[in-house]
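Report on the following structure.
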Amino acid sequence: MIGLALRMLRHRPGSAVATLVALAAGVMILMAMGTLVESGLRYRPEPVRYAAADVVVAHREMTVSAKDLDGEVVRSKVRLPEGGTVPADLVGRLRGLPGVATVAADDPVPVVLSSGAGTVTGHGWGSAVLTPYQIRNGNPPAGDDQVAVDRRLGLTPGQEIEVLVGATARTYRVSGVLDGPAAAVFFTDAHAATLSAHPGRVAAIGIVAAPGTDKAALVAAVRGLTADAGVYTGADRGLAEESAELAAQELLIQAGGGFGGYVVLLVGFVVAVTVGRSMRHRRRDLALLRAVAATPGQVRRMIMAEAAIVGLVAVAIGVPAGLLATRWVHDEMVGRGFVPAGFPISHGLVAIAAAAGATALVAVLSALLAARRVTAIRPVEALGEVAVEPPRSGRVRLFSGLAALAGAGSSSAVTLGAAGPAALAGAIGMLYLFVLAVGLLAPWINRAAAGVLAPVLRTVWGPSGYLATANLRANARGMAAVLTALVLSIGLGGSVWFLQDNLERQTLSQRRDGLLAQHALVASAGLPSGAADEARGTPGVVAATAVRRTSVVVRFLDGAETVAAQAVDPTGMESTMDLRVRAGRLADLAGGTVAASSIRASMHGWDVGDRVTFWLGDGTPVSLTLVAIYERGLGFGDITLARETVAGHTARDLDDEVLIRTSGPADLRALAARHPGSTVAATGDLTRRLAADLAVSAWLNKLLVGVMVGYAALAAANTMVIAALARRRELAVLRLVGVTRGQARRMVHAEQAGLLGVAVLLGASIALATLTTVVRSVTGEPVPYVPPLGWTAVIGGTALLALLTTVLPIGRLLRMPPIGR
C-alpha cells in the first residue's frame with residue numbers, strides 16, 4: 001500500500017503539497033507554542049538567596065476555594081503581586097523547635113547607589129547566613145552608619161557611599177566586602193528593621209537545620225506553627241525568592257493557557273478542512289480503485305499510508321521550522337523584557353511529540369472521514385456518487401449548524417453581561433461558534449446566495465454569469481469548505497486583531513482625559529508620603545495627589561485574578577484627576593472604603609454602599625464599603641483605594657508619583673531638588689510613556705493573534721487552491737462542448753466574485769458583532785475603533801488572496817488541452 005500511496009501522491013501533486021503545507025505549518029506553530037509553555041511548566045528556579053537554608057517560610061501565593069456547578073470544591077492558587085509577608089515574631093517561635101541550628105529573617109529593601117551601579121537589594125546582616133555571604137575583607141556592619149557590600153560593587157572597607165533607600169538619601173561607611181552570588185548591601189539587623197515597608201513583618205524566614213536532624217519532622221513542626229504562609233524545602237526554595245524568572249514562567253504559562261486552546265482548535269480545523277478537501281478532490285480515484293476490486297480495508301490502509309507519508313515529511317519540515325520560530329520568539333521576548341536572557345528554554349521533546357502526533361492524528365481521521373462514503377458502499381455506487389454531488393445535505397448537519405448558531409447567540413448575550421477576561425473568552429468562543437455555524441450551514445447558504453446573486457452575475461458577466469450561478473447552486477456542498485475558510489480569515493482578522501488596538505486606545509484616552517493635573521513629581525525609587533504635603537505648600541500649586549500603584553486579588557468565576565489598582569491620598573483628588581464618577585462620591589474615599597470601575601462593579605454585581613471583599617497585594621483580606629463607581633478603569637485601574645488602606649501592605653511603602661495642578665508659575669524644581677532621584681514631568685509625557693509601555697506589553701498578544709490570522713489565511717489559500725485544481729475535468733468538459741477559454745475564465749471570476757461577496761458579508765458581520773460585543777464589555781464603548789485602512793487591509797487582503805489562489809491555478813488548467821486530461 002505504501003507504493004500505491006506514493007504513486008497516488010505523485011498523481012495529485014497540488015493537493016499533496018497543500019496538505020503538506022498545512023501540516024508543516026501546524027507542526028511549526030504547535031511546536032513553538034508548546035515549547036514555550038513546556039519551558040514554563042518545567043522551570044524550577046534554583047535557590048540562590050536561600051541556598052544555605054534547609055527550610056524557608058514565606059507567603060508567596062494564596063489558595064482560593066470555590067464551589068463549581070455540581071457543588072464540588074475547587075481550589076486555585078494565585079501568586080501574590082506584592083510578595084506577601086509573615087510575622088516577624090515567628091522567628092522566635094521557630095527558633096525553639098528541636099533540630100533548628102539557625103533562624104534568620106529576611107526583608108529586602110531596594111537600594112539605589114549614587115555611584116551609578118544602579119539598584120541593588122539591601123538586607124539585614126543576620127540573613128547573610130541563608131545564602132551564605134562570606135566576609136572577604138573587613139568586618140560585618142556594627143552600627144546604623146555602616147554597611148557590608150558585595151565585591152561586585154567595587155568598593156573597599158572604609159569608603160563612604162551615598163545611597164537612596166526609602167526615598168531618603170543616606171551616607172554609609174563600608175565596613176566589609178563580601179563574596180556572594182549577587183550584588184547586595186547589608187545593614188545591621190536593627191537598622192534594616194527601621195527601613196522596612198511593613199514594620200513587624202518580614203518577607204521570608206530561613207531555617208538552617210542542625211546536623212543529623214530529621215528534616216521531615218522539622219518541616220512538619222514548622223508547618224504546625226505557620227498558618228497561611230508556605231513552607232518551601234529542597235528545589236522549591238527557589239519559589240520563595242522573588243525573581244524575574246518566576247514572572248517569566250507565569251507569563252509563558254498564562255500565554256499558553258490563554259491562546260493555546262484556541263490555536264490547537266484552529267490548527268485542527270485547518271488540517272481537517274485541508275485534508276478533507278484533498279480527499280474530496282480524489283474521490284474519483286478512490287472510486288476507481290473500488291471498481292477494480294480494491295476492498296474498503298485496502299483503500300483505508302492506502303489513505304492512512306498517504307497521511308502517514310505526508311505527515312512524516314511535514315514533521316521533518318515543521319520541527320526545524322518550529323525550533324527556529326521558538327528561538328526567534330525567545331530572542332524577541334528577551335529583547336522586549338518579557339523573559340530574562342538566562343531563562344532556560346526546554347528542548348521541546350514533549351512539544352514535538354504532541355504537535356506531530358496531534359496533526360498526524362487529525363490528518364488521518366479527516367482523510368478517513370472524508371472518504372468514508374466511497375469506502376462504505378458498493379464500487380458501482382461509488383462511481384455514480386462521485387460523478388454528481390448529492391442533491392441534499394443531511395439533516396444532522398442542518399440541525400448541528402442551527403445549534404451552533406444558537407450557541408453563538410447565547411455566547412453573545414453572556415459576553416454582553418460579562419467584563420474583562422470573561423468577556424474576551426466569551427467573544428472568542430462566540431467567533432468560533434459563528435464560524436462553525438457557517439461551515440455547517442454553508443451548503444444552504446451557498447444555494448441561497450446563488451439564487452440571490454443570479455441576476456447580478458448574469459447582468460455583469462452574461463452567459464458566463466449564468467454558468468457561474470449554475471455551478472454555485474450545483475456545487476453548493478463542495479464549496480462549503482471554501483466559504484468557511486474565507487469567513488474564518490475575515491472573522492479573525494477583523495475582530496481579534498483590532499481588539500488590542502481598542503484596549504490601547506481606550507486606556508490612553510481615559511488616562512489623557514482623566515488627568516487634570518499639568519505636572520507630576522515622579523521618582524523610580526519612590527517618593528515619601530510627605531511629598532504631596534510639600535507640593536501643596538508650594539506657591540502656585542492648587543492641588544496635589546499622591547498615587548501609589550499596586551494590585552489586588554479578587555474572586556473570578558471559581559478562582560481569582562490579579563487586578564490593577566491605585567492607592568491615593570484623596571485630598572484635592574477632584575482637582576487632579578477625573579475618573580468620571582457614575583455613582584457615589586470619591587470625596588467619601590477613606591480608610592475602610594473603596595471605589596471601583598463600572599466594568600469591575602458590573603462583573604461582580606457591586607453597587608454603592610455594598611461591602612466588597614477581596615485581598616490586598618500581600619494577601620491580606622479586606623472588607624470595604626464601596627463609595628463610588630467610575631468609568632475610567634482602563635486608564636486608572638479597576639480599584640481605587642485610600643493610601644492608608646494599603647500602608648504596610650505593599651512591597652515598598654512609597655508613592656510612585658504626585659500629581660500636581662498649578663495656577664500660574666510654581667517653583668516645582670525646588671520641590672524635586674528636595675527629593676533625590678525625582679523629576680518633574682508634564683502629565684502629557686507620562687501618557688506618552690504609557691503608550692510606549694502598552695505597545696511593548698501588547699506585542700505578545702499581537703504575535704499570537706497574528707499567528708492565528710495568518711494560519712487562517714493559509715487555510716483559505718490551501719482550500720481555494722485545492723478547489724480550483726479539482727475542477728480540471730469540469731473545465732475540460734466545458735471546453736469540449738464549445739465554451740471558450742475566455743468564457744471559462746469569466747465564469748470562474750463570476751463564481752469567485754459571488755462566493756467572495758458572501759464570505760465578506762458573513763465574515764465582516766461576524767467580526768463586527770464579535771468586536772462590538774467585546775469592546776462594549778471591556779471598555780464600555782458602544783462603537784469599536786478600527787484603525788485607518790484596517791478593514792480595507794482585511795477585506796482587500798482576503799480578496800487578493802482569493803483571486804490569486806483561484807486565478808493562477810485555473811489559468812494553468814485552461815492552458816492545458818481539454819483532451820487527454
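Identifiers for the C-alpha cells are assigned positionally: chains receive A, B, ... in sequence, residues are indexed from 1 per chain, and ligands are indexed from 1 in the order shown.
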Per-residue nearest contacts of segment 742-816 of chain A to segment 705-714 of chain A (12 Å; only C-alpha atoms) as JSON lines:
{"residue": "A:Val794", "atom": "CA", "partner": "A:Val709", "partner_atom": "CA", "distance": 10.1}
{"residue": "A:Ile795", "atom": "CA", "partner": "A:Ala713", "partner_atom": "CA", "distance": 11.6}
{"residue": "A:Gly797", "atom": "CA", "partner": "A:Ala713", "partner_atom": "CA", "distance": 9.3}
{"residue": "A:Thr798", "atom": "CA", "partner": "A:Ala713", "partner_atom": "CA", "distance": 7.7}
{"residue": "A:Ala799", "atom": "CA", "partner": "A:Ala713", "partner_atom": "CA", "distance": 11.0}
{"residue": "A:Leu800", "atom": "CA", "partner": "A:Ala713", "partner_atom": "CA", "distance": 11.2}
{"residue": "A:Leu801", "atom": "CA", "partner": "A:Ala713", "partner_atom": "CA", "distance": 8.0}
{"residue": "A:Ala802", "atom": "CA", "partner": "A:Ala713", "partner_atom": "CA", "distance": 9.7}
{"residue": "A:Thr805", "atom": "CA", "partner": "A:Leu714", "partner_atom": "CA", "distance": 10.5}
File dump, residues just selected, N, CA and C atoms, as a compact mmCIF listing (two decimals), in the first residue's frame:
# COMPACT_ATOMS: atom_id res chain seq x y z
N VAL A 794 -7.99 44.07 5.67
CA VAL A 794 -8.55 42.74 5.91
C VAL A 794 -9.33 42.26 4.69
N ILE A 795 -10.27 43.07 4.23
CA ILE A 795 -11.11 42.65 3.10
C ILE A 795 -10.32 42.62 1.81
N GLY A 797 -7.08 42.27 1.48
CA GLY A 797 -6.13 41.16 1.53
C GLY A 797 -6.80 39.83 1.27
N THR A 798 -7.98 39.64 1.82
CA THR A 798 -8.72 38.41 1.59
C THR A 798 -9.13 38.28 0.12
N ALA A 799 -9.58 39.39 -0.47
CA ALA A 799 -9.97 39.36 -1.88
C ALA A 799 -8.77 39.05 -2.77
N LEU A 800 -7.64 39.68 -2.48
CA LEU A 800 -6.44 39.42 -3.27
C LEU A 800 -6.00 37.96 -3.12
N LEU A 801 -6.07 37.47 -1.90
CA LEU A 801 -5.71 36.07 -1.66
C LEU A 801 -6.63 35.13 -2.44
N ALA A 802 -7.92 35.42 -2.41
CA ALA A 802 -8.88 34.57 -3.12
C ALA A 802 -8.64 34.59 -4.62
N THR A 805 -5.22 32.71 -5.48
CA THR A 805 -5.26 31.26 -5.28
C THR A 805 -6.29 30.58 -6.17
**OP:** Fewer than 3 positions away in the same chain doesn't count, so skip those; otherwise give me all residues within 6 Å of segment 316-330 of chain A, counting only C-alpha atoms, as a list in words.
**Re:**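 The neighbour list is Ala24, Val27, Met28, Met31, Ala32, Val313 and Met333 of chain A.
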Write a file of the selected residues as an mmCIF file, in the first residue's frame, keeping C-alpha atoms.
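Writing the result to selection.cif gives the following:
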data_model
loop_
_atom_site.group_PDB
_atom_site.id
_atom_site.type_symbol
_atom_site.label_atom_id
_atom_site.label_comp_id
_atom_site.auth_asym_id
_atom_site.auth_seq_id
_atom_site.Cartn_x
_atom_site.Cartn_y
_atom_site.Cartn_z
ATOM 1 C CA ALA A 24 4.060 21.526 8.353
ATOM 2 C CA VAL A 27 3.514 21.372 13.434
ATOM 3 C CA MET A 28 5.659 24.524 13.490
ATOM 4 C CA MET A 31 5.675 23.087 18.499
ATOM 5 C CA ALA A 32 6.777 26.692 19.032
ATOM 6 C CA VAL A 313 7.521 14.879 5.612
ATOM 7 C CA MET A 333 10.789 38.262 24.292
#
Subject >> Nearby residues (only C-alpha atoms) at most 10 Å from Arg669 of chain A, same-chain spacing under 2 positions excluded, as a PyMOL selection string >> reply: chain A and resi 521+666-667+671-674+678-680
Identify, on the basis of only C-alpha atoms, every residue whose closest approach to Pro181 of chain A does not exceed 9 Å; exclude the query and any residue fewer than 4 positions from it along the same chain; express the result as a short mmCIF file (atom, residue, chain, number, x, y, z; two decimals) with C-alpha atoms, in the first residue's frame.
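File produced: result.cif:
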data_model
loop_
_atom_site.label_atom_id
_atom_site.label_comp_id
_atom_site.auth_asym_id
_atom_site.auth_seq_id
_atom_site.Cartn_x
_atom_site.Cartn_y
_atom_site.Cartn_z
CA VAL A 48 20.13 31.43 45.25
CA ARG A 49 19.31 33.83 48.03
CA THR A 131 22.94 32.31 51.11
CA PRO A 132 25.63 32.37 52.54
CA TYR A 133 27.62 35.58 52.01
CA ASP A 150 29.25 42.61 47.72
#
Subject >> Atomic separation - atom CA of Tyr785 of chain A relative to atom CA of Ala753 of chain A, Å >> reply: 28.2 Å
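Note that the spacing between atom CA of Ser509 of chain A and atom CA of Ala531 of chain A amounts to 27.8 Å.
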**OP:** Do a neighbour search on segment 486-498 of chain A at 9 Å with only C-alpha atoms, toss out local chain neighbours closer than 4 positions, and write the hits as a ChimeraX atom specification.
**Re:** /A:427-428,431-432,435,438-439,481-482,502-503,702,705-706,708-717,756,758-772,784-787,790-791,794-795,798,802
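Among the candidate residues A:Thr19, A:Thr213, A:Thr233, A:Thr156, the one lying nearest to Glu46 of chain A is A:Thr233, with distances computed using only C-alpha atoms.
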Original post:
Between A:Gln159, A:Thr226, A:Ser196, A:Gln146, which is the closest to Val91 of chain A once you count only C-alpha atoms?
Top reply: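 Closest to Val91 of chain A of all the choices is A:Thr226.
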